[in-house]
Amino acid sequence: MATPPRVRFAPSPTGYLHIGGARTALFNWLEARRDHGRFVLRIEDTDRERSTAESVQAILDGLRWLGLEWDEGPVVGGPYAPYFQTERLASYRAAADRMIAEKKAYLCYCTKEELEERRQVFERQKRPYKYEGTCRDRTTPVPGRTAVVRFRTPDRDETLSFEDRVIGKISKQTSDLDDFVMLRADGIPLYNFGAVVDDQAMEITLVIRGQEHINSTFPQILVYRALGWEPPAFAHLPLILGPDREKLSKRRHPEADVMLHKRNGILPEALLNFIVRLGWSHGNDEIISREQMVQWFGFDHVGSTSGVWNPEKLLWLNQHYLKTLPEADVARRLLPFLAERGVTVGDDPRLPRVVLALRERSKTLVEMAELARPFFARPEMDPKAAAKHLDEAGKAMLRRGRETIGGVSPWTAAGIDPLLKSLAESAGVGLGKVAQPIRVAVTGSTVSPPIGETLELLGKDESLARIDAALR
């Protein structure tokens, strides 16, 4: 029996949870859940200038909203704590000191200014800059200067290869690598060193991350080898492109923010369904439940071509889940959107029925809240709707409609609709000429469920009171 996998999601807390990060977290979570493994959340907070507690909270909130609960990490703890890199500095220093002692790394005293000067020389010569190894054989410190720790790339050129779970075999010459900085003078590890030390300490068996990290894998393999450790397996996921076919970025694409979709009334089920299909597929299936994701997920169906953001597909999926989730569940999720619009529903039993009436014509919870608002609060009249449907002719029809339905009992769509249809027939007009003045009078707009259903949900007293107010 295969050993259950240990996988990790290791974001940098320098902003909100990015859609690309959410997909990486999802694929790690699915791998862990499918094979009864462990999903570890580790916060790589070594960018002290940009990392904030607010960003950490935003990442935790985003993962929880998506339902991607972690087995080990911040808040929940675990056997490999701490799960913040800034709380693990001693382990990086110990590994670096060992590598220095074994001459697999060295102290470098070159200043930023000196390195920049050399880089500019190479740029003028149209050559890529690689650190020349100035301090490789230095045996004494430079007075008045601090030192970084650099990795000593092997002198002998060789082909470095690894088998990627998505792409297959990937190779690179070690001569293409330079003596990269592992540890800054203040003890902060750089990515290619800190990630290796942490992944080894936390017994990570598979690293799942974006294709932009492929080039990082080669120096990381060298670090594993230098420390005598076995590297984990690797799987690099395709990029996600925005609608403009550029890489989805925080700077260019507002849709990169996971929680923006929550604010826009997207359901987490829809967003998960959407992002799992950005790079992975299961035949022609478009609607994929969380349970099916866990059951079906595998890297044999992860593609190597970039996924493209499709806002229409996301809205289509969201409407599907609005229509198929239990109405009581949708009603619960609708409450904060109604509250944002100044509507307090409380335990009004009509809310699930309103959800049933509205979900065929709502693509988001925001749209549904706008349509639901008139059922729980007196609406403001849309001036354009009033001008079109409550002119003299419209008010005359509204008055006749009021007289027609005023005596209906019980107050149901089944009792209301036939009377309004008869009124339209006797007046020689379409049903819209009768229904629209009533609809505008009671909802303030021209959009609502069928008129009988709308009036039934509003209740008799409230419906007639709003019609009377419009007539006045």
# chains A, B, ... in the order shown; residues from 1 in each chain; ligands from 1
>>> select_by_dssp(residues="region 103-231 of chain A", states="helix (DSSP H, G or I)", output="VMD selection string")
chain A and resid 112 to 124 174 to 176 191 to 201 211 to 226
>>> residues_around(residues="region 167-177 of chain A", least_positions_apart="2", cutoff="9 Å", atoms="only C-alpha atoms", output="list in words")
Lys130, Thr153, Pro154, Asp155, Arg156, Asp157, Glu158, Thr159, Leu160, Ser161, Phe162, Glu163, Asp164, Arg165, Asp179, Phe180, Ile214, Asn215, Phe218, Pro219, Ala235, His236, Leu237, Gly303 and Ser304 of chain A
>>> residues_around(residues="Val302 (chain A)", least_positions_apart="2", cutoff="7 Å", atoms="only C-alpha atoms", output="tab-separated table (two decimals) with N, CA, C and O atoms, in the first residue's frame")
chain	number	residue	atom	x	y	z
A	166	VAL	N	3.26	16.38	-14.23
A	166	VAL	CA	2.40	16.96	-15.27
A	166	VAL	C	3.09	16.98	-16.63
A	166	VAL	O	2.53	16.55	-17.64
A	279	GLY	N	-7.11	23.91	-16.16
A	279	GLY	CA	-5.90	23.10	-16.22
A	279	GLY	C	-6.14	21.62	-15.98
A	279	GLY	O	-5.23	20.81	-16.19
A	280	TRP	N	-7.33	21.25	-15.54
A	280	TRP	CA	-7.65	19.83	-15.31
A	280	TRP	C	-9.02	19.54	-15.90
A	280	TRP	O	-9.88	20.42	-15.94
A	281	SER	N	-9.23	18.33	-16.35
A	281	SER	CA	-10.53	17.98	-16.92
A	281	SER	C	-10.85	16.53	-16.59
A	281	SER	O	-9.96	15.73	-16.26
A	299	PHE	N	-3.10	13.56	-11.85
A	299	PHE	CA	-2.26	14.40	-12.70
A	299	PHE	C	-2.25	13.94	-14.15
A	299	PHE	O	-1.79	14.68	-15.03
A	300	ASP	N	-2.78	12.74	-14.42
A	300	ASP	CA	-2.87	12.30	-15.81
A	300	ASP	C	-3.85	13.14	-16.61
A	300	ASP	O	-3.81	13.15	-17.85
A	304	SER	N	-0.87	20.78	-19.83
A	304	SER	CA	0.30	21.65	-19.74
A	304	SER	C	0.06	23.01	-20.39
A	304	SER	O	0.89	23.90	-20.30
>>> residues_around(residues="Ala32 (chain A)", least_positions_apart="4", cutoff="12 Å", atoms="only C-alpha atoms", output="ChimeraX atom specification")
/A:3-9,25-28,36-40,68-72,204-208,293-295,297-298
>>> write_last_selection(atoms="N, CA, C and O atoms", output="compact mmCIF listing (two decimals), in the first residue's frame")
# COMPACT_ATOMS: atom_id res chain seq x y z
N THR A 3 2.32 4.98 0.58
CA THR A 3 2.31 5.86 1.73
C THR A 3 1.42 7.06 1.44
O THR A 3 1.52 7.67 0.37
N PRO A 4 0.52 7.43 2.35
CA PRO A 4 -0.34 8.60 2.11
C PRO A 4 0.51 9.84 1.86
O PRO A 4 1.53 10.05 2.54
N PRO A 5 0.14 10.66 0.88
CA PRO A 5 0.97 11.83 0.55
C PRO A 5 0.88 12.91 1.61
O PRO A 5 -0.12 13.05 2.32
N ARG A 6 1.98 13.64 1.72
CA ARG A 6 2.00 14.88 2.52
C ARG A 6 2.28 16.01 1.54
O ARG A 6 3.34 16.06 0.92
N VAL A 7 1.30 16.89 1.36
CA VAL A 7 1.41 18.01 0.40
C VAL A 7 1.23 19.31 1.15
O VAL A 7 0.74 19.33 2.28
N ARG A 8 1.63 20.40 0.52
CA ARG A 8 1.56 21.69 1.22
C ARG A 8 1.18 22.82 0.27
O ARG A 8 1.46 22.77 -0.94
N PHE A 9 0.54 23.82 0.82
CA PHE A 9 0.32 25.09 0.14
C PHE A 9 1.08 26.12 0.96
O PHE A 9 0.88 26.21 2.17
N ALA A 25 -3.83 25.48 -4.03
CA ALA A 25 -4.32 24.92 -2.77
C ALA A 25 -5.33 23.82 -3.03
O ALA A 25 -5.30 22.76 -2.39
N LEU A 26 -6.25 24.04 -3.98
CA LEU A 26 -7.27 23.05 -4.30
C LEU A 26 -6.65 21.75 -4.79
O LEU A 26 -7.02 20.66 -4.33
N PHE A 27 -5.69 21.83 -5.72
CA PHE A 27 -5.08 20.60 -6.26
C PHE A 27 -4.32 19.86 -5.17
O PHE A 27 -4.31 18.63 -5.13
N ASN A 28 -3.64 20.59 -4.27
CA ASN A 28 -2.98 19.95 -3.13
C ASN A 28 -4.00 19.28 -2.22
O ASN A 28 -3.82 18.15 -1.77
N HIS A 36 -6.03 9.93 1.29
CA HIS A 36 -6.01 9.94 2.77
C HIS A 36 -4.69 10.48 3.31
O HIS A 36 -4.14 9.97 4.28
N GLY A 37 -4.18 11.54 2.65
CA GLY A 37 -2.94 12.16 3.07
C GLY A 37 -3.17 13.36 3.98
O GLY A 37 -4.24 13.51 4.57
N ARG A 38 -2.16 14.22 4.05
CA ARG A 38 -2.23 15.40 4.91
C ARG A 38 -1.98 16.64 4.06
O ARG A 38 -1.03 16.69 3.26
N PHE A 39 -2.83 17.64 4.25
CA PHE A 39 -2.71 18.93 3.55
C PHE A 39 -2.17 19.96 4.55
O PHE A 39 -2.83 20.27 5.54
N VAL A 40 -0.97 20.43 4.29
CA VAL A 40 -0.27 21.34 5.20
C VAL A 40 -0.33 22.76 4.66
O VAL A 40 -0.10 22.99 3.46
N LEU A 68 -11.50 24.71 1.87
CA LEU A 68 -10.23 23.99 1.78
C LEU A 68 -9.55 24.02 3.15
O LEU A 68 -8.55 24.71 3.36
N GLU A 69 -10.10 23.27 4.09
CA GLU A 69 -9.55 23.24 5.44
C GLU A 69 -8.23 22.47 5.44
O GLU A 69 -8.10 21.44 4.78
N TRP A 70 -7.26 22.96 6.19
CA TRP A 70 -5.94 22.34 6.24
C TRP A 70 -5.82 21.46 7.48
O TRP A 70 -6.43 21.70 8.51
N ASP A 71 -5.01 20.40 7.33
CA ASP A 71 -4.82 19.44 8.42
C ASP A 71 -3.76 19.90 9.42
O ASP A 71 -3.82 19.54 10.60
N GLU A 72 -2.78 20.64 8.93
CA GLU A 72 -1.72 21.18 9.78
C GLU A 72 -1.43 22.60 9.31
O GLU A 72 -1.50 22.90 8.12
N ILE A 204 7.36 16.61 3.41
CA ILE A 204 6.52 16.77 2.22
C ILE A 204 6.97 15.77 1.16
O ILE A 204 8.15 15.69 0.84
N THR A 205 6.01 15.04 0.61
CA THR A 205 6.35 14.00 -0.37
C THR A 205 6.12 14.44 -1.81
O THR A 205 6.66 13.84 -2.74
N LEU A 206 5.29 15.46 -2.00
CA LEU A 206 4.96 15.94 -3.34
C LEU A 206 4.75 17.44 -3.29
O LEU A 206 3.96 17.93 -2.49
N VAL A 207 5.48 18.16 -4.14
CA VAL A 207 5.35 19.62 -4.23
C VAL A 207 4.52 19.93 -5.48
O VAL A 207 4.94 19.65 -6.60
N ILE A 208 3.33 20.50 -5.26
CA ILE A 208 2.43 20.88 -6.35
C ILE A 208 2.40 22.40 -6.40
O ILE A 208 2.01 23.05 -5.42
N MET A 293 -14.66 15.69 -7.53
CA MET A 293 -13.27 16.16 -7.67
C MET A 293 -12.31 15.25 -6.92
O MET A 293 -11.27 14.84 -7.44
N VAL A 294 -12.66 14.95 -5.68
CA VAL A 294 -11.80 14.08 -4.86
C VAL A 294 -11.67 12.71 -5.50
O VAL A 294 -10.58 12.13 -5.58
N GLN A 295 -12.78 12.19 -5.97
CA GLN A 295 -12.78 10.84 -6.55
C GLN A 295 -12.00 10.78 -7.86
O GLN A 295 -11.28 9.81 -8.13
N PHE A 297 -9.78 13.21 -9.27
CA PHE A 297 -8.57 14.01 -9.50
C PHE A 297 -7.34 13.12 -9.71
O PHE A 297 -7.13 12.13 -9.01
N GLY A 298 -6.51 13.52 -10.67
CA GLY A 298 -5.23 12.87 -10.91
C GLY A 298 -4.43 13.70 -11.89
O GLY A 298 -4.99 14.46 -12.69
>>> select_by_dssp(residues="region 9-237 of chain A", states="strand (DSSP E)", output="number ranges by chain")
A: 9, 38-41, 105-108, 148-151, 159-164, 168-173, 181-183, 206-210, 233-237
>>> write_last_selection(atoms="C-alpha atoms", output="PDB file, in the first residue's frame")
ATOM      1  CA  PHE A   9       0.319  25.093   0.140  1.00  0.00           C
ATOM      2  CA  ARG A  38      -2.233  15.400   4.907  1.00  0.00           C
ATOM      3  CA  PHE A  39      -2.708  18.932   3.555  1.00  0.00           C
ATOM      4  CA  VAL A  40      -0.266  21.338   5.199  1.00  0.00           C
ATOM      5  CA  LEU A  41      -0.600  25.127   5.146  1.00  0.00           C
ATOM      6  CA  ALA A 105      28.170  26.978   0.562  1.00  0.00           C
ATOM      7  CA  TYR A 106      30.230  30.050   1.427  1.00  0.00           C
ATOM      8  CA  LEU A 107      30.035  33.542   2.868  1.00  0.00           C
ATOM      9  CA  CYS A 108      29.809  36.334   0.289  1.00  0.00           C
ATOM     10  CA  VAL A 148      25.146  36.514   2.790  1.00  0.00           C
ATOM     11  CA  VAL A 149      25.422  32.750   2.314  1.00  0.00           C
ATOM     12  CA  ARG A 150      25.776  31.553  -1.273  1.00  0.00           C
ATOM     13  CA  PHE A 151      25.350  28.016  -2.588  1.00  0.00           C
ATOM     14  CA  THR A 159      22.609  17.504 -16.771  1.00  0.00           C
ATOM     15  CA  LEU A 160      20.141  17.871 -13.933  1.00  0.00           C
ATOM     16  CA  SER A 161      16.765  16.190 -14.522  1.00  0.00           C
ATOM     17  CA  PHE A 162      13.534  15.453 -12.717  1.00  0.00           C
ATOM     18  CA  GLU A 163      10.318  13.704 -13.727  1.00  0.00           C
ATOM     19  CA  ASP A 164       7.429  16.159 -13.439  1.00  0.00           C
ATOM     20  CA  GLY A 168       7.246  14.679 -17.845  1.00  0.00           C
ATOM     21  CA  LYS A 169      11.041  14.787 -17.836  1.00  0.00           C
ATOM     22  CA  ILE A 170      12.587  18.261 -17.517  1.00  0.00           C
ATOM     23  CA  SER A 171      16.339  18.879 -17.720  1.00  0.00           C
ATOM     24  CA  LYS A 172      18.808  21.708 -17.284  1.00  0.00           C
ATOM     25  CA  GLN A 173      22.605  22.043 -17.312  1.00  0.00           C
ATOM     26  CA  VAL A 181      22.080  33.449  -2.399  1.00  0.00           C
ATOM     27  CA  MET A 182      20.586  31.003   0.111  1.00  0.00           C
ATOM     28  CA  LEU A 183      20.515  33.090   3.269  1.00  0.00           C
ATOM     29  CA  LEU A 206       4.957  15.941  -3.344  1.00  0.00           C
ATOM     30  CA  VAL A 207       5.347  19.617  -4.233  1.00  0.00           C
ATOM     31  CA  ILE A 208       2.431  20.883  -6.354  1.00  0.00           C
ATOM     32  CA  ARG A 209       2.867  24.452  -7.618  1.00  0.00           C
ATOM     33  CA  GLY A 210       2.629  26.655 -10.708  1.00  0.00           C
ATOM     34  CA  ALA A 233       8.153  14.500  -6.307  1.00  0.00           C
ATOM     35  CA  PHE A 234       7.144  17.600  -8.267  1.00  0.00           C
ATOM     36  CA  ALA A 235       4.045  18.595 -10.236  1.00  0.00           C
ATOM     37  CA  HIS A 236       3.934  21.987 -11.975  1.00  0.00           C
ATOM     38  CA  LEU A 237       0.522  23.310 -12.946  1.00  0.00           C
TER      39      LEU A 237
END
>>> closest_residue(among="A:Leu260, A:Val366, A:Ala2, A:Leu190", to="Arg333 (chain A)", atoms="only C-alpha atoms")
A:Val366
>>> residues_around(residues="Leu458 (chain A)", least_positions_apart="4", cutoff="9 Å", atoms="only C-alpha atoms", output="PyMOL selection string")
chain A and resi 350+374-376+442+453-454+462-463
>>> write_last_selection(atoms="C-alpha atoms", output="PDB file, in the first residue's frame")
ATOM      1  CA  ARG A 350     -41.109  33.472   2.896  1.00  0.00           C
ATOM      2  CA  PRO A 374     -38.965  44.429  -2.709  1.00  0.00           C
ATOM      3  CA  PHE A 375     -40.501  41.400  -0.979  1.00  0.00           C
ATOM      4  CA  PHE A 376     -39.186  42.546   2.404  1.00  0.00           C
ATOM      5  CA  VAL A 442     -45.613  46.552  -6.043  1.00  0.00           C
ATOM      6  CA  GLU A 453     -46.440  34.444  -7.712  1.00  0.00           C
ATOM      7  CA  THR A 454     -45.085  37.910  -6.922  1.00  0.00           C
ATOM      8  CA  GLU A 462     -49.026  44.502   1.417  1.00  0.00           C
ATOM      9  CA  SER A 463     -49.826  44.043  -2.290  1.00  0.00           C
TER      10      SER A 463
END
>>> residues_around(residues="Thr14 (chain A)", least_positions_apart="4", cutoff="12 Å", atoms="only C-alpha atoms", output="PyMOL selection string")
chain A and resi 18+43-59+250
>>> closest_residue(among="A:Leu325, A:Gly428, A:Pro311, A:Leu398", to="Asp468 (chain A)", atoms="only C-alpha atoms")
A:Leu398
>>> atom_distance(atom1="CA of Pro238 (chain A)", atom2="CA of His253 (chain A)")
17.8 Å
>>> residues_around(residues="Ser448 (chain A)", least_positions_apart="6", cutoff="9 Å", atoms="only C-alpha atoms", output="JSON, numbers by chain")
{"A": [357, 358, 361, 371, 372, 439, 454]}
>>> atom_distance(atom1="CA of Ser362 (chain A)", atom2="CA of Gln319 (chain A)")
6.7 Å
>>> decode(residues="region 109-123 of chain A", atoms="N, CA and C atoms", output="compact mmCIF listing (two decimals), in the first residue's frame")
# COMPACT_ATOMS: atom_id res chain seq x y z
N TYR A 109 30.72 38.55 0.69
CA TYR A 109 30.75 39.91 1.24
C TYR A 109 30.54 40.98 0.17
N CYS A 110 30.23 40.58 -1.05
CA CYS A 110 30.02 41.57 -2.12
C CYS A 110 28.81 42.44 -1.77
N THR A 111 28.92 43.74 -2.02
CA THR A 111 27.81 44.65 -1.72
C THR A 111 26.84 44.70 -2.90
N LYS A 112 25.64 45.18 -2.61
CA LYS A 112 24.64 45.35 -3.67
C LYS A 112 25.16 46.26 -4.78
N GLU A 113 25.87 47.31 -4.37
CA GLU A 113 26.39 48.27 -5.35
C GLU A 113 27.40 47.60 -6.28
N GLU A 114 28.29 46.77 -5.70
CA GLU A 114 29.29 46.08 -6.52
C GLU A 114 28.62 45.12 -7.49
N LEU A 115 27.64 44.40 -7.01
CA LEU A 115 26.94 43.45 -7.88
C LEU A 115 26.19 44.16 -9.00
N GLU A 116 25.57 45.30 -8.67
CA GLU A 116 24.83 46.06 -9.68
C GLU A 116 25.78 46.60 -10.74
N GLU A 117 26.94 47.03 -10.32
CA GLU A 117 27.93 47.56 -11.27
C GLU A 117 28.36 46.46 -12.25
N ARG A 118 28.60 45.27 -11.73
CA ARG A 118 28.99 44.16 -12.60
C ARG A 118 27.85 43.77 -13.53
N ARG A 119 26.62 43.79 -13.00
CA ARG A 119 25.46 43.42 -13.82
C ARG A 119 25.32 44.38 -15.01
N GLN A 120 25.55 45.66 -14.76
CA GLN A 120 25.44 46.64 -15.84
C GLN A 120 26.49 46.43 -16.92
N VAL A 121 27.68 45.99 -16.51
CA VAL A 121 28.73 45.69 -17.48
C VAL A 121 28.27 44.56 -18.40
N PHE A 122 27.70 43.52 -17.80
CA PHE A 122 27.22 42.39 -18.60
C PHE A 122 26.09 42.82 -19.53
N GLU A 123 25.19 43.69 -19.03
CA GLU A 123 24.07 44.15 -19.85
C GLU A 123 24.58 44.92 -21.07
